[in-house]
Every structure is written in C-alpha cells, then in structure tokens.
Amino acid sequence: MSNGEMGGRIGAGTPGLLAGGKRGVREVLLVQFIDKIVSGAMAEGATLPNEGELTEQFGVSRTSLREAMQYMSALGLIRSRTRAGTTVLPRENWNYLDPLVLDATLRLSNDDRFYTSLVDARQLLEPAAACEAAAQATAHQLFRISKAFEDMVDANSRDTEAWSVADLEFHTAIINASGNWVYRQFATAIRAALLASFRLTNRASQSHEHAIAMHQAVLEAIRMRQPDAARQAMERLIGVARSEITDALKKARA
C-alpha cells in the first residue's frame with residue numbers, strides 16, 4: 001500500500017504492546033508510532049484515530065497514550081488541534097536529533113539527503129572539535145582518545161563490531177575533549193552519521209591499515225597540541241567517509 005493510500009485514517013492492524021517485554025509501555029508505544037511515521041505508513045498530513053480507538057488498538061492506558069503523544073508533539077512529529085484531531089506534520093518539522101527519531105530514520109529511511117546531511121554536519125563540526133581538542137584537551141581526555149584508537153588497532157578488521165564500537169568512541173571522545181558544549185549536543189547526530197556509514201558502506205573496501213593511519217594522524221596532531229594539523233587530519237578522514245557513503249548511495253540507486 002502506498003503512502004498516498006495511507007493518507008487518511010491510519011493505524012489499523014498494529015500488534016499489541018505486551019510483546020515489548022521489559023521495555024516500558026510508553027517507549028514501546030513511541031517506537032511503534034515513530035517507526036510508522038518515519039516509514040511513511042503514517043503519511044505526512046494523515047489524521048490519527050481518536051484517543052479511544054488508539055488506546056484499544058495498542059492496549060494501553062489513556063495516560064500512556066497521552067504521554068507518548070505529548071512527546072511526539074514536542075519532537076514536531078504530530079500536532080493536535082481541537083476538532084481537527086491529531087495529524088502527522090511534514091518532515092521539515094521533525095527533530096532528527098532525538099535518539100528515537102534518529103534510530104528509526106537510520107533503519108527505515110531511503111532518503112539520500114538524510115545521509116548526506118549527516119556527513120555535512122560531520123564536516124562542519126568534527127574538524128573544529130579536533131582543533132579545539134588539540135588546544136585544550138585534559139590528560140584524561142587524551143587518554144580516552146588514545147584508548148579508543150588502541151581498541152581500533154586491536155580490531156582485526158574494519159568490518160567488525162569491535163571496530164565500530166571503538167570508532168564511535170574515538171570520535172565521541174574528541175568531541176567531548178573539545179570542551180564545547182554545543183558540539184557535545186550534536187554528539188548523538190555524529191554517532192548516527194557513523195552508524196549510517198557502517199550500515200551503508202563496505203568498510204572493508206578501505207584497508208584496516210589505511211584507516212588506522214588516518215585516525216592516527218588525527219590522534220597525533222591532538223596529542224602534539226597542533227590544532228591546525230588536527231583540523232586538517234579530521235577533514236581528510238571525513239572526506240573519505242563522504243566518498244564511501246556517496247559510492248554506497250549510487251550503488252543502492254543503481
């Protein structure tokens with residue numbers, strides 16, 4: 001069924017929430033709602049069923065439903081109006097930095113702009129963060145960056161879970177070491193960009209040794225207190241990530 005065909009009343013046939021196990025009722029409800037909105041099953045402009053129908057459909061209390069609706073409203077996903085009901089808002093209103101929205105978009109979105117926008121954000125923020133980290137990172141922060149790098153070295157291949165975890169920690173540690181609270185607020189988006197890269201690309205296409213060398217250049221510039229060199233090394237590193245994602249998107253379209 002197309003998004004257009006779903007554009008009127010939506011929500012029929014959703015399984016109950018008891019399958020959520022240990023996850024909280026509101027979280028399970030939010031995940032289901034957000035997945036439907038991001039995937040287009042609940043199309044932009046669609047009107048949700050009324051409160052009574054939704055509580056019966058999902059098997060939740062009115063309190064849990066209202067809490068979930070308030071959360072989604074704050075994220076710019078939906079809007080409730082007297083008489084008009086609750087409708088799904090256009091994508092430009094959504095808060096993609098929310099972890100639940102990011103997770104759903106990573107799993108369900110086919111929009112190339114989502115991925116390229118994440119790389120654009122990395123290109124702007126991470127070189128600046130590396131520059132500031134080189135200027136003012138504490139000994140403990142330098143240790144965290146170095147430890148993440150060592151874990152990357154210990155990973156036998158780029159195409160492993162161990163590499164992915166260490167790579168995420170390396171970039172997160174640099175952002176934290178920048179001392180810039182604004183950059184830290186975007187750490188979730190940076191991590192999402194890395195996860196998107198892991199999902200889309202064949203990371204084994206670039207050798208483990210070459211990847212290690214590029215990350216080491218960033219580390220050494222920060223450790224040697226060379227802000228300009230740290231910025232340039234990070235720009236080169238993200239440039240490779242951009243090329244990999246661009247190639248992966250072209251292959252997906254083909």
# chains A, B, ... in the order shown; residues from 1 in each chain; ligands from 1
>>> select_by_dssp(residues="range 79-254 of chain A", states="alpha helix (DSSP H)", output="PyMOL selection string")
chain A and resi 99-108+112-136+139-154+161-177+181-185+187-200+208-223+227-253
>>> residues_around(residues="Leu29 in chain A", least_positions_apart="3", cutoff="8 Å", atoms="only C-alpha atoms", output="list in words")
Leu17, Val25, Arg26, Gln32, Phe33, Phe58, Leu65 and Ala68 of chain A
>>> write_last_selection(atoms="N, CA, C and O atoms", output="short mmCIF file (atom, residue, chain, number, x, y, z; two decimals), in the first residue's frame")
data_model
loop_
_atom_site.label_atom_id
_atom_site.label_comp_id
_atom_site.auth_asym_id
_atom_site.auth_seq_id
_atom_site.Cartn_x
_atom_site.Cartn_y
_atom_site.Cartn_z
N LEU A 17 0.99 -4.11 22.64
CA LEU A 17 2.27 -3.70 23.20
C LEU A 17 2.86 -4.70 24.18
O LEU A 17 3.99 -4.55 24.60
N VAL A 25 6.09 0.68 28.61
CA VAL A 25 4.95 0.77 27.71
C VAL A 25 5.05 2.01 26.83
O VAL A 25 4.85 1.95 25.62
N ARG A 26 5.41 3.15 27.44
CA ARG A 26 5.48 4.38 26.64
C ARG A 26 6.57 4.28 25.59
O ARG A 26 6.38 4.72 24.45
N GLN A 32 6.82 2.31 18.10
CA GLN A 32 5.87 1.90 17.06
C GLN A 32 5.32 3.10 16.30
O GLN A 32 5.24 3.09 15.07
N PHE A 33 4.94 4.14 17.03
CA PHE A 33 4.43 5.34 16.37
C PHE A 33 5.49 5.98 15.47
O PHE A 33 5.24 6.32 14.32
N PHE A 58 -3.79 -0.26 20.70
CA PHE A 58 -2.47 -0.54 21.25
C PHE A 58 -2.52 -1.23 22.61
O PHE A 58 -1.48 -1.67 23.12
N LEU A 65 -0.88 6.79 26.52
CA LEU A 65 -1.06 7.32 25.17
C LEU A 65 -0.83 8.82 25.14
O LEU A 65 -0.14 9.33 24.25
N ALA A 68 2.84 9.67 25.35
CA ALA A 68 3.51 9.42 24.06
C ALA A 68 3.17 10.52 23.06
O ALA A 68 4.05 11.00 22.33
#
>>> closest_atom_pairs(of="range 50-133 of chain A", to="range 224-227 of chain A", cutoff="10 Å", atoms="only C-alpha atoms", output="Markdown table")
| residue | atom | partner | partner_atom | distance |
| --- | --- | --- | --- | --- |
| A:Pro127 | CA | A:Pro227 | CA | 9.4 |
| A:Ala128 | CA | A:Pro227 | CA | 8.9 |
| A:Ala129 | CA | A:Pro227 | CA | 9.5 |
| A:Ala130 | CA | A:Pro227 | CA | 7.2 |
| A:Cys131 | CA | A:Pro227 | CA | 4.2 |
| A:Glu132 | CA | A:Pro227 | CA | 6.6 |
| A:Ala133 | CA | A:Pro227 | CA | 7.6 |
>>> residues_around(residues="Val240 in chain A", least_positions_apart="3", cutoff="12 Å", atoms="only C-alpha atoms", output="count of residues only")
22
>>> closest_residue(among="A:Ser117, A:Thr86, A:Thr172, A:Ser146", to="Ala221 in chain A", atoms="only C-alpha atoms")
A:Ser146
>>> closest_residue(among="A:Thr188, A:Gln216, A:Asn50, A:Ser39", to="Ala121 in chain A", atoms="only C-alpha atoms")
A:Thr188
>>> select_by_dssp(residues="range 5-249 of chain A", states="strand (DSSP E or B)", output="VMD selection string")
chain A and resid 9 47 78 to 81 85 to 88
>>> write_last_selection(atoms="N, CA and C atoms", output="mmCIF file, in the first residue's frame")
data_model
loop_
_atom_site.group_PDB
_atom_site.id
_atom_site.type_symbol
_atom_site.label_atom_id
_atom_site.label_comp_id
_atom_site.auth_asym_id
_atom_site.auth_seq_id
_atom_site.Cartn_x
_atom_site.Cartn_y
_atom_site.Cartn_z
ATOM 1 N N ARG A 9 -7.191 7.791 7.319
ATOM 2 C CA ARG A 9 -7.132 7.242 8.658
ATOM 3 C C ARG A 9 -6.061 6.169 8.682
ATOM 4 N N THR A 47 -4.408 11.856 9.403
ATOM 5 C CA THR A 47 -5.108 12.074 10.663
ATOM 6 C C THR A 47 -5.126 10.779 11.467
ATOM 7 N N ILE A 78 3.907 15.355 15.290
ATOM 8 C CA ILE A 78 2.447 15.457 15.173
ATOM 9 C C ILE A 78 1.977 16.783 15.751
ATOM 10 N N ARG A 79 0.722 17.129 15.439
ATOM 11 C CA ARG A 79 0.096 18.319 16.023
ATOM 12 C C ARG A 79 -1.360 18.007 16.306
ATOM 13 N N SER A 80 -1.786 18.341 17.515
ATOM 14 C CA SER A 80 -3.175 18.100 17.904
ATOM 15 C C SER A 80 -3.925 19.421 17.971
ATOM 16 N N ARG A 81 -5.116 19.425 17.357
ATOM 17 C CA ARG A 81 -5.957 20.613 17.385
ATOM 18 C C ARG A 81 -7.395 20.213 17.688
ATOM 19 N N GLY A 85 -8.367 17.213 15.198
ATOM 20 C CA GLY A 85 -7.726 15.967 15.563
ATOM 21 C C GLY A 85 -6.207 16.061 15.536
ATOM 22 N N THR A 86 -5.555 14.915 15.525
ATOM 23 C CA THR A 86 -4.091 14.841 15.544
ATOM 24 C C THR A 86 -3.588 14.437 14.163
ATOM 25 N N THR A 87 -2.712 15.247 13.605
ATOM 26 C CA THR A 87 -2.192 14.982 12.263
ATOM 27 C C THR A 87 -0.672 14.857 12.290
ATOM 28 N N VAL A 88 -0.134 14.141 11.307
ATOM 29 C CA VAL A 88 1.312 13.978 11.152
ATOM 30 C C VAL A 88 1.864 15.198 10.426
#
>>> residues_around(residues="range 97-105 of chain A", least_positions_apart="4", cutoff="9 Å", atoms="only C-alpha atoms", output="number ranges by chain")
A: 30-31, 34-35, 38-39, 75, 109-110, 114, 186, 188-189, 192
>>> atom_distance(atom1="CA of Leu125 in chain A", atom2="CA of Ala248 in chain A")
22.9 Å
>>> closest_residue(among="A:Arg158, A:Leu77, A:Ala139, A:Leu118", to="Arg191 in chain A", atoms="only C-alpha atoms")
A:Leu118
>>> closest_residue(among="A:Asp112, A:Glu126, A:Asp167, A:Asp159", to="Ala230 in chain A", atoms="only C-alpha atoms")
A:Glu126
>>> closest_residue(among="A:Val218, A:Ala43, A:Ala177, A:Ile212", to="Glu150 in chain A", atoms="only C-alpha atoms")
A:Ile212
>>> residues_around(residues="Pro90 in chain A", least_positions_apart="4", cutoff="8 Å", atoms="only C-alpha atoms", output="ChimeraX atom specification")
/A:44-45,77,94
>>> closest_residue(among="A:Asp228, A:Glu92, A:Glu220, A:Glu53", to="Leu142 in chain A", atoms="only C-alpha atoms")
A:Glu220
